[in-house]
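This report concerns only the one structure given below.
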Amino acid sequence: MWANDSLWFEVAIISIGFSLGHITFGLFEERTPRWRKLLKYVLTLIIGLAISIYVSRSAMFTFFGIMSLAVIYIHFVLLPKKGINGWTGEPKRKYYEFRGWDQNIFKD
């Protein structure tokens with residue numbers, strides 16, 4: 001009844017990972033345009049599916065794990081070294097400077 005031997009399994013895993021990431025760390029992307037967020041998801045999905053098709057499912061999960069480790073490194077090692085809380089993105093001034101965003105959040 002339940003089979004996980006189709007590519008929909010990879011789509012589901014990548015989509016769940018992105019959903020959890022945006023729920024947990026979405027505050028870090030508040031000034032990122034929606035088209036870039038969508039492009040990041042679509043490219044990750046295409047790369048993950050291509051790896052799964054042309055290499056193996058194990059390689060896709062390895063890729064997904066390495067990308068997850070990169071996110072963990074950025075939020076819990078790199079940002080704190082810059083004086084930014086990796087969980088809350090505070091102080092906002094330092095985080096906006098790190099991202100290269102305009103620090104005046106109320107400017108239109």
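In the structure tokens, the first chain shown is A, the next is B, and so on; residue numbers restart at 1 for each chain, and ligands run from 1 in the order shown.
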Produce a table with one row for each residue of region 26-80 of chain A that has an atom at most 9 Å from any atom of region 86-89 of chain A, each row naming the nearest atom pair and its distance in Å at one decimal; use only C-alpha atoms; arrange rows by chain and rising residue number; format as a tab-separated table.
residue	atom	partner	partner_atom	distance
A:Leu27	CA	A:Gly89	CA	7.5
A:Phe28	CA	A:Gly89	CA	6.4
A:Ile74	CA	A:Gly86	CA	7.8
A:His75	CA	A:Gly86	CA	4.4
A:Phe76	CA	A:Gly86	CA	5.2
A:Val77	CA	A:Gly86	CA	7.7
A:Leu78	CA	A:Gly86	CA	8.2
A:Leu79	CA	A:Gly86	CA	5.5
A:Pro80	CA	A:Gly86	CA	5.9
Exercise. Would you mind writing down, as a count of residues only, each residue of chain A that DSSP on the backbone assigns to helix (DSSP H, G or I)?
Key: 77
Quiz item: Which is closest to Leu49 (chain A) among A:Glu10, A:Glu97, A:Glu90, A:Asp102, if we use only C-alpha atoms?
Solution: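 Of A:Glu10, A:Glu97, A:Glu90, A:Asp102, the one nearest Leu49 (chain A) is A:Glu10, counting only C-alpha atoms.
Going from CA of Leu7 (chain A) over to CA of Ile53 (chain A), you cover 8.3 Å.
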